[in-house]
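Engineer: What follows is query.csv, CSV, C-alpha atoms.
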chain,number,residue,atom,x,y,z
A,292,MET,CA,64.9,122.9,92.9
A,293,LEU,CA,63.8,119.5,91.5
A,294,GLU,CA,64.0,119.1,87.8
A,295,THR,CA,63.1,116.3,85.4
A,296,GLY,CA,64.5,115.1,82.1
A,297,ILE,CA,63.2,112.2,79.9
A,298,ASP,CA,64.4,110.7,76.7
A,299,ILE,CA,63.5,107.8,74.4
A,300,ILE,CA,65.7,106.3,71.6
A,301,ASP,CA,65.6,103.6,69.0
A,302,VAL,CA,68.0,100.8,70.0
A,303,SER,CA,69.0,100.4,66.3
A,304,ARG,CA,70.4,104.0,66.3
A,305,VAL,CA,72.9,103.1,68.9
A,306,ALA,CA,73.5,99.5,67.7
A,307,ARG,CA,74.9,100.9,64.4
A,308,SER,CA,77.6,102.9,66.3
A,309,ILE,CA,78.8,100.7,69.2
A,310,GLY,CA,81.3,98.9,67.0
A,311,ASN,CA,83.2,102.2,66.7
A,312,PRO,CA,85.6,102.7,69.6
A,313,ALA,CA,85.6,106.5,69.0
A,314,PHE,CA,81.9,106.6,69.5
A,315,LEU,CA,82.1,104.6,72.7
A,316,GLU,CA,85.0,106.8,74.1
A,317,LYS,CA,83.1,110.0,73.3
A,318,TYR,CA,79.8,109.1,74.8
A,319,PHE,CA,80.4,106.5,77.5
A,320,HIS,CA,82.4,106.2,80.7
A,321,PRO,CA,84.7,103.2,81.0
A,322,VAL,CA,82.4,101.8,83.7
A,323,GLU,CA,79.5,101.8,81.3
A,324,ILE,CA,81.6,100.3,78.5
A,325,ALA,CA,82.7,97.5,80.8
A,326,TYR,CA,79.1,96.9,82.0
A,327,CYS,CA,77.5,96.9,78.6
A,328,GLY,CA,80.2,94.8,77.0
A,329,GLU,CA,79.6,92.9,73.8
A,330,GLY,CA,76.8,90.5,74.9
A,331,ALA,CA,73.6,89.7,73.2
A,332,HIS,CA,71.8,92.7,74.7
A,333,SER,CA,74.7,95.2,74.6
A,334,ALA,CA,72.9,97.6,72.2
A,335,GLN,CA,70.0,97.8,74.5
A,336,HIS,CA,72.3,98.5,77.5
A,337,PHE,CA,74.2,101.2,75.6
A,338,ALA,CA,71.0,102.7,74.2
A,339,VAL,CA,69.3,103.1,77.6
A,340,ARG,CA,72.4,104.7,79.0
A,341,PHE,CA,72.5,107.1,76.1
A,342,ALA,CA,68.9,108.0,76.8
A,343,ALA,CA,69.8,108.7,80.4
A,344,LYS,CA,72.6,111.0,79.3
A,345,GLU,CA,70.2,112.9,77.0
A,346,ALA,CA,67.8,113.2,80.0
A,347,VAL,CA,70.6,114.6,82.2
A,348,ARG,CA,71.5,117.0,79.5
A,349,LYS,CA,67.9,118.3,79.3
A,350,VAL,CA,68.1,119.2,82.9
A,351,LEU,CA,71.7,120.5,83.3
A,352,LEU,CA,72.3,122.4,80.1
A,353,SER,CA,70.1,125.2,81.3
A,354,HIS,CA,72.4,125.5,84.3
A,355,VAL,CA,75.9,125.1,82.9
A,356,ASP,CA,77.5,126.4,79.7
A,357,THR,CA,79.1,123.1,78.6
A,358,LEU,CA,78.5,119.5,79.5
A,359,SER,CA,80.6,116.5,78.3
A,360,TRP,CA,78.8,113.3,77.5
A,361,ARG,CA,81.1,111.7,80.0
A,362,ASP,CA,80.2,114.1,82.8
A,363,SER,CA,77.5,111.7,83.9
A,364,TRP,CA,77.2,108.0,83.8
A,365,ILE,CA,75.3,105.0,85.1
A,366,GLU,CA,76.7,102.6,87.6
A,367,ASN,CA,74.8,99.6,89.0
A,368,ASP,CA,74.8,98.6,92.6
A,369,GLU,CA,75.3,95.1,93.9
A,370,SER,CA,71.6,94.3,93.3
A,371,GLY,CA,71.7,95.7,89.8
A,372,LYS,CA,69.9,99.0,90.5
A,373,PRO,CA,71.2,101.8,88.3
A,374,HIS,CA,72.3,105.1,89.8
A,375,LEU,CA,73.7,108.3,88.3
A,376,VAL,CA,77.3,109.4,88.9
A,377,PHE,CA,78.7,112.8,88.1
A,378,SER,CA,82.2,113.8,87.3
A,379,GLU,CA,84.2,116.0,89.7
A,380,LYS,CA,84.6,118.5,87.0
A,381,LEU,CA,80.8,118.9,86.7
A,382,LEU,CA,80.3,118.9,90.5
A,383,SER,CA,82.8,121.7,90.9
A,384,ARG,CA,80.4,123.9,88.7
A,385,ILE,CA,77.0,122.9,90.0
A,386,ARG,CA,75.6,121.6,93.2
A,387,ILE,CA,73.5,118.5,92.9
A,388,ARG,CA,71.9,117.5,96.1
A,389,ALA,CA,70.3,114.3,94.9
A,390,ALA,CA,69.7,112.5,91.6
A,391,SER,CA,67.6,109.5,90.6
A,392,VAL,CA,67.3,107.6,87.4
A,393,SER,CA,64.9,105.0,86.0
A,394,LEU,CA,65.8,103.0,82.9
A,395,SER,CA,63.7,100.8,80.7
A,396,HIS,CA,64.1,99.1,77.4
A,397,THR,CA,62.6,96.6,75.0
A,398,LYS,CA,64.4,95.0,72.0
A,399,ASP,CA,63.7,98.1,69.9
A,400,THR,CA,63.3,101.1,72.3
A,401,ALA,CA,65.1,102.5,75.3
A,402,ALA,CA,63.9,105.2,77.7
A,403,ALA,CA,65.2,107.0,80.7
A,404,ILE,CA,63.9,109.5,83.2
A,405,VAL,CA,66.0,111.4,85.6
A,406,LEU,CA,65.2,113.6,88.6
A,407,ILE,CA,67.9,116.0,89.8
A,408,ASP,CA,67.6,118.2,92.9
A,409,LEU,CA,69.8,121.2,92.2
A,410,GLU,CA,70.9,123.8,94.7
A,411,ALA,CA,70.5,127.5,93.7
A,412,PRO,CA,71.7,129.6,92.0
A,413,GLU,CA,69.8,128.9,88.9
A,414,SER,CA,72.0,131.0,86.6
A,415,LYS,CA,74.5,129.4,84.2
A,416,SER,CA,78.0,129.0,85.6
Can the structure in the file be given as C-alpha cells, please?
Structural biologist:
Amino acid sequence: MLETGIDIIDVSRVARSIGNPAFLEKYFHPVEIAYCGEGAHSAQHFAVRFAAKEAVRKVLLSHVDTLSWRDSWIENDESGKPHLVFSEKLLSRIRIRAASVSLSHTKDTAAAIVLIDLEAPESKS
C-alpha cells in the first residue's frame, strides 16, 4: 500500500528554536544535527528535515499508536541525495517495504514529500 505525506513550513519558525539544545534533541537525530550544523543555511536544513518528519507522521500515525520525532530521519548519500531512515523500534512495529523523500527549500520556506510503501495489515499496532 503506497501512501503519501507532504508538509511545508516557514524556515523562521524553526530558526527561532534551533539554538535550544532541548529542541534539537527532541526533534532531530544526531546524524541530522551533525549535517545541519551551525552554518549560514542551517535553519533551512533543519526546517526541511522537520517538514519531512511531519510528512512521515501524516502517513504513519494512521498505522501506529505512537511515533517519536526521532523514529525517522534524513541521511544524505555520498552524492548528497537525501533518503529516509527509520528506527529499529519503529520497524519492529510496522513493515515499510520502501520509502522515498524529496526535499526543497528557499530562504523562507521548506517543503518535503514522502512516499512510503507499507505492508499490510492496515490496522494500528
Engineer: Ranking A:Ala411, A:Phe341, A:Ile309, A:Gly296 by minimum distance to Glu329 in chain A and counting all atoms listed in the file, which one comes first?
Structural biologist: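 Going through A:Ala411, A:Phe341, A:Ile309, A:Gly296 one by one, the smallest distance to Glu329 in chain A is for A:Ile309.
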Engineer: When you look at range 366-371 of chain A with a cut-off of 9 Å (counting all atoms listed in the file), what residues show up, excluding the ones that are within fewer than 2 positions of it in the same chain? I need them as a PDB file with C-alpha atoms, in the coordinates of the input.
Structural biologist:
ATOM      1  CA  VAL A 322      82.400 101.800  83.700  1.00  0.00           C
ATOM      2  CA  GLU A 323      79.500 101.800  81.300  1.00  0.00           C
ATOM      3  CA  TYR A 326      79.100  96.900  82.000  1.00  0.00           C
ATOM      4  CA  TRP A 364      77.200 108.000  83.800  1.00  0.00           C
ATOM      5  CA  PRO A 373      71.200 101.800  88.300  1.00  0.00           C
ATOM      6  CA  HIS A 374      72.300 105.100  89.800  1.00  0.00           C
ATOM      7  CA  LEU A 375      73.700 108.300  88.300  1.00  0.00           C
ATOM      8  CA  VAL A 376      77.300 109.400  88.900  1.00  0.00           C
TER       9      VAL A 376
END
Engineer: What gap, in Å, lies between CA of Glu294 in chain A and CA of His320 in chain A?
Structural biologist: 23.6 Å
Engineer: Interatomic distance between CA of Ser395 in chain A and CA of Val339 in chain A?
Structural biologist: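 These atoms are spaced 6.8 Å apart.
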Engineer: Between CA of Phe377 in chain A and CA of Arg361 in chain A, measure the distance and give it in Å to one decimal.
Structural biologist: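 These two atoms are separated by 8.5 Å.
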Engineer: Would you kindly return, as a PyMOL selection string, each protein, DNA or RNA residue with an atom no farther than 12 Å from any atom of range 348-357 of chain A, considering only C-alpha atoms and excluding same-chain residues fewer than 6 positions away?
Structural biologist: chain A and resi 292-298+341-342+363-364+377+380-387+390+403-416
Engineer: Identify which of the residues A:Val302, A:Ala389, A:Leu358, A:Ala313 lies closest to His336 in chain A, counting only C-alpha atoms when measuring atom-to-atom distances.
Structural biologist: A:Val302
Engineer: Counting all atoms listed in the file, figure out which residue out of A:Cys327, A:Arg304, A:Trp360, A:Asp399 gets nearest to Ala346 in chain A.
Structural biologist: A:Trp360
